[in-house]
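Notes follow once the structure below has been shown.
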Amino acid sequence: MSKRRILSILMITCITLAAAVFSSDAASKKKDKGLPEAEVTVFAAASMNSSLQDIIKEYNKKNPRVTINVSADSSGALMKQIEEGAPCDIFFSAAQSNMDELQDKGLIVKSSRHNVVNNQLCVITLKGTKTKVKGIGSLDRADSLAIAAASVPVGKYTRQALINKGVFHKDTDPTAITTQQLSDALGGVTISEQSNVSKVLSAVNEGSAQVGTTYYSDTYGYDDVKIIQKVPYKLTGNIIYPAARVKNSQASDAEKAAAKDFAKFLRSKTAKKIYKEHLFDTNVKDK
C-alpha cells in the first residue's frame with residue numbers, strides 16, 4: 001500500500017472520529033438541556049392540586065431534573081405553616097388575604113407576587129338527588145350541608161355570599177361566623193364542617209352530605225356532581241388566586257433559581273391553557 005493511500009485512510013479516520021466526538025458532544029448538550037438538579041416545594045390551595053400536577057408534567061419536559069413537590073391544603077392552614085417556618089419556595093393561595101398576611105410579615109420575595117387565576121363559588125349536589133335547594137339563597141332547604149370552615153377561603157366566600165343575601169348583618173366578618181352560627185341562621189340544618197375545599201367535594205360525591213359549596217374548578221372530572229348554581233360574583237367578589245415566591249433560607253442557589261423559573265412558568269401560556277381546561281378563569285389583572 002502506498003504512503004499516499006495510508007495517509008488518506010488516516011485522514012478519513014481522524015475526520016470520522018472528530019465527527020463522532022462532536023455528535024456525542026451535541027447529544028450530551030441536548031440531553032443536559034434545562035436547569036440543574038433541584039427540588040422546589042410549592043404550598044398550594046387544595047383546589048389547585050389537579051391543575052398543578054398537569055402543569056408540572058409540562059414543565060418537566062424541559063426541566064426534567066427539577067423536582068416539584070406540592071403540599072395541598074387550605075390556604076389558611078398553609079399560611080400558618082409558612083409563618084411557623086415550614087420550608088416553602090412558592091405559595092399559591094386561594095385568597096388574597098392569606099398572601100397579604102405573609103407579605104406584611106416580610107415572608108414573600110419582593111416583586112414576586114402575581115394574580116394568576118379567578119374561580120367561582122358553586123352550590124353542588126349529586127346527580128339524581130332530589131333537593132329543594134336552588135342556590136346559595138335556599139341552603140336552609142337542604143337535608144344536610146358540607147361547608148368549609150370560616151378560616152378556609154371557600155368557607156369564607158360562602159359566608160360572604162350569605163351576608164350579601166341578607167342571612168347575616170352586612171357588617172358581619174365572614175371569618176368570624178362559626179359553623180354552629182351558620183347552622184342556626186339556616187334554620188338548624190345539619191352542617192358537616194370540612195378543613196378544605198376538596199373534602200367538601202368528597203362529602204357530596206360520597207353522599208354523606210346532600211349539598212355543598214365548592215369551587216367551579218373542583219368539579220372538574222366529577223361527572224356525578226351536579227352544579228345547582230354558580231354563585232354570582234356580586235355576592236362573593238372575585239376569587240383571585242395569587243402566587244408568590246417565599247423567602248426560604250434553607251434553599252440552595254440552584255433551588256432558588258428553579259423556584260423563580262417555575263413561578264414564571266405558572267403564568268405562561270402553557271399553564272394558562274391547563275388552568276382553562278380545569279375550569280379556571282385566566283382573564284385576570286396580574287397585580
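Each chain in the C-alpha cells gets a letter, A, B and so on, in the order shown; residues start at 1 in every chain, and ligands are counted from 1 in the order they appear.
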Which of range 246-275 of chain A fall in alpha helix (DSSP H), as a list of chain:residue names: A:Asp253, A:Ala254, A:Glu255, A:Lys256, A:Ala257, A:Ala258, A:Ala259, A:Lys260, A:Asp261, A:Phe262, A:Ala263, A:Lys264, A:Phe265, A:Lys269, A:Thr270, A:Ala271, A:Lys272, A:Lys273, A:Ile274, A:Tyr275
Using C-alpha atoms, can you export the residues from the last selection as a short mmCIF file (atom, residue, chain, number, x, y, z; two decimals), in the first residue's frame?
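This is the output file again25.cif:
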data_model
loop_
_atom_site.label_atom_id
_atom_site.label_comp_id
_atom_site.auth_asym_id
_atom_site.auth_seq_id
_atom_site.Cartn_x
_atom_site.Cartn_y
_atom_site.Cartn_z
CA ASP A 253 -28.91 28.80 44.94
CA ALA A 254 -29.99 26.12 42.45
CA GLU A 255 -33.29 25.68 44.25
CA LYS A 256 -33.93 29.42 44.39
CA ALA A 257 -33.24 29.66 40.64
CA ALA A 258 -35.58 26.74 39.94
CA ALA A 259 -38.30 28.27 42.14
CA LYS A 260 -38.03 31.55 40.24
CA ASP A 261 -38.24 29.73 36.93
CA PHE A 262 -41.24 27.59 37.93
CA ALA A 263 -43.05 30.61 39.39
CA LYS A 264 -42.68 32.27 35.99
CA PHE A 265 -43.92 29.12 34.25
CA LYS A 269 -49.36 30.35 28.01
CA THR A 270 -48.91 26.62 28.56
CA ALA A 271 -50.03 26.91 32.18
CA LYS A 272 -52.98 29.17 31.28
CA LYS A 273 -54.22 26.57 28.82
CA ILE A 274 -54.19 23.97 31.58
CA TYR A 275 -55.98 26.27 34.03
#
All residues 8 Å or closer to Leu78 in chain A, only C-alpha atoms, same chain fewer than 4 positions away omitted, as a list in words: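 Listed by chain and then number, they are Phe43, Ala44, Ala45, Asp73, Ser74 and Ile82 of chain A.
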Interface rows for range 141-190 of chain A against range 94-116 of chain A: nearest pair, Å to one decimal, 10 Å, only C-alpha atoms, as JSON lines:
{"residue": "A:Ser151", "atom": "CA", "partner": "A:Asn98", "partner_atom": "CA", "distance": 9.9}
{"residue": "A:Val152", "atom": "CA", "partner": "A:Ala95", "partner_atom": "CA", "distance": 8.9}
{"residue": "A:Pro153", "atom": "CA", "partner": "A:Ala95", "partner_atom": "CA", "distance": 5.9}
{"residue": "A:Val154", "atom": "CA", "partner": "A:Ala94", "partner_atom": "CA", "distance": 8.2}
{"residue": "A:Lys156", "atom": "CA", "partner": "A:Ala95", "partner_atom": "CA", "distance": 9.5}
{"residue": "A:Tyr157", "atom": "CA", "partner": "A:Ala95", "partner_atom": "CA", "distance": 9.5}
Counting only C-alpha atoms, the option among A:Asn118, A:Thr67, A:Ser93, A:Ser192 closest to Phe280 in chain A: A:Asn118
Distance query range 130-144 of chain A at most 12 Å, only C-alpha atoms, self and fewer than 3 positions along chain excluded, as number ranges by chain: A: 121-127, 147, 157-168, 182-193, 203-204, 207-214, 226-232, 235-236
From A:Gly155, A:Gly85, A:Pro64, A:Pro242, residue lying nearest Asn196 in chain A [only C-alpha atoms]: A:Gly155
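Coordinates place CA of Val200 in chain A at a distance of 10.1 Å from CA of Ala149 in chain A.
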Gap from CA of Cys88 in chain A to CA of Asp281 in chain A - Å, one decimal: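 Going from CA of Cys88 in chain A over to CA of Asp281 in chain A, I get 26.0 Å.
Residue nearest Pro174 in chain A within the list A:Ile68, A:Arg245, A:Gln250, A:Ala150: A:Ala150 [criterion: smallest interatomic distance, only C-alpha atoms].
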Those in range 39-280 of chain A with strand (DSSP E) from DSSP, as a PyMOL selection string: chain A and resi 39-45+66-73+90-92+114-119+121-126+144-148+190-194+211-215+225-230+239-245
Export, as a PDB file, in the first residue's frame, the selected residues with C-alpha atoms.
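Contents of the output file out_10.pdb:
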ATOM      1  CA  GLU A  39     -36.136  20.498  44.422  1.00  0.00           C
ATOM      2  CA  VAL A  40     -38.898  23.110  44.688  1.00  0.00           C
ATOM      3  CA  THR A  41     -41.630  22.982  47.327  1.00  0.00           C
ATOM      4  CA  VAL A  42     -44.984  24.534  46.427  1.00  0.00           C
ATOM      5  CA  PHE A  43     -47.656  25.159  49.053  1.00  0.00           C
ATOM      6  CA  ALA A  44     -50.903  25.342  47.072  1.00  0.00           C
ATOM      7  CA  ALA A  45     -54.607  25.715  47.772  1.00  0.00           C
ATOM      8  CA  VAL A  66     -36.174  19.806  38.720  1.00  0.00           C
ATOM      9  CA  THR A  67     -38.460  18.032  41.201  1.00  0.00           C
ATOM     10  CA  ILE A  68     -41.602  19.970  42.116  1.00  0.00           C
ATOM     11  CA  ASN A  69     -43.177  18.869  45.401  1.00  0.00           C
ATOM     12  CA  VAL A  70     -46.730  20.086  46.059  1.00  0.00           C
ATOM     13  CA  SER A  71     -48.275  20.341  49.511  1.00  0.00           C
ATOM     14  CA  ALA A  72     -52.003  20.958  49.006  1.00  0.00           C
ATOM     15  CA  ASP A  73     -54.357  22.109  51.768  1.00  0.00           C
ATOM     16  CA  ILE A  90     -43.758  29.107  46.317  1.00  0.00           C
ATOM     17  CA  PHE A  91     -47.152  29.862  47.862  1.00  0.00           C
ATOM     18  CA  PHE A  92     -50.213  29.577  45.576  1.00  0.00           C
ATOM     19  CA  HIS A 114     -48.771  37.878  40.759  1.00  0.00           C
ATOM     20  CA  ASN A 115     -52.500  37.214  40.337  1.00  0.00           C
ATOM     21  CA  VAL A 116     -52.851  34.046  38.270  1.00  0.00           C
ATOM     22  CA  VAL A 117     -56.466  32.810  38.045  1.00  0.00           C
ATOM     23  CA  ASN A 118     -60.026  33.548  39.133  1.00  0.00           C
ATOM     24  CA  ASN A 119     -62.502  30.967  40.409  1.00  0.00           C
ATOM     25  CA  LEU A 121     -68.209  29.541  44.131  1.00  0.00           C
ATOM     26  CA  CYS A 122     -70.732  26.820  43.313  1.00  0.00           C
ATOM     27  CA  VAL A 123     -73.571  25.070  45.098  1.00  0.00           C
ATOM     28  CA  ILE A 124     -73.436  21.366  44.261  1.00  0.00           C
ATOM     29  CA  THR A 125     -75.213  18.054  44.812  1.00  0.00           C
ATOM     30  CA  LEU A 126     -75.082  14.585  43.303  1.00  0.00           C
ATOM     31  CA  SER A 144     -77.543  18.230  55.122  1.00  0.00           C
ATOM     32  CA  LEU A 145     -74.714  20.547  54.100  1.00  0.00           C
ATOM     33  CA  ALA A 146     -70.958  20.241  53.667  1.00  0.00           C
ATOM     34  CA  ILE A 147     -69.285  23.633  54.093  1.00  0.00           C
ATOM     35  CA  ALA A 148     -65.663  24.509  54.773  1.00  0.00           C
ATOM     36  CA  THR A 190     -77.077  19.787  59.750  1.00  0.00           C
ATOM     37  CA  ILE A 191     -73.667  21.035  58.612  1.00  0.00           C
ATOM     38  CA  SER A 192     -70.500  18.969  58.348  1.00  0.00           C
ATOM     39  CA  GLU A 193     -67.550  21.347  58.613  1.00  0.00           C
ATOM     40  CA  GLN A 194     -64.641  20.459  56.335  1.00  0.00           C
ATOM     41  CA  VAL A 211     -75.495  19.723  49.240  1.00  0.00           C
ATOM     42  CA  GLY A 212     -72.186  21.573  49.484  1.00  0.00           C
ATOM     43  CA  THR A 213     -70.388  24.718  48.402  1.00  0.00           C
ATOM     44  CA  THR A 214     -67.194  24.320  46.439  1.00  0.00           C
ATOM     45  CA  TYR A 215     -65.273  25.963  43.626  1.00  0.00           C
ATOM     46  CA  VAL A 225     -71.648  16.018  40.592  1.00  0.00           C
ATOM     47  CA  LYS A 226     -74.385  18.436  39.576  1.00  0.00           C
ATOM     48  CA  ILE A 227     -73.885  22.189  39.789  1.00  0.00           C
ATOM     49  CA  ILE A 228     -77.068  23.696  41.220  1.00  0.00           C
ATOM     50  CA  GLN A 229     -75.770  27.263  40.933  1.00  0.00           C
ATOM     51  CA  LYS A 230     -72.667  29.196  40.005  1.00  0.00           C
ATOM     52  CA  ILE A 239     -61.974  34.794  43.853  1.00  0.00           C
ATOM     53  CA  ILE A 240     -58.452  35.654  42.774  1.00  0.00           C
ATOM     54  CA  TYR A 241     -55.562  33.237  43.319  1.00  0.00           C
ATOM     55  CA  PRO A 242     -52.170  34.930  43.776  1.00  0.00           C
ATOM     56  CA  ALA A 243     -48.842  33.079  43.606  1.00  0.00           C
ATOM     57  CA  ALA A 244     -45.538  34.311  45.017  1.00  0.00           C
ATOM     58  CA  ARG A 245     -42.100  33.063  45.987  1.00  0.00           C
TER      59      ARG A 245
END
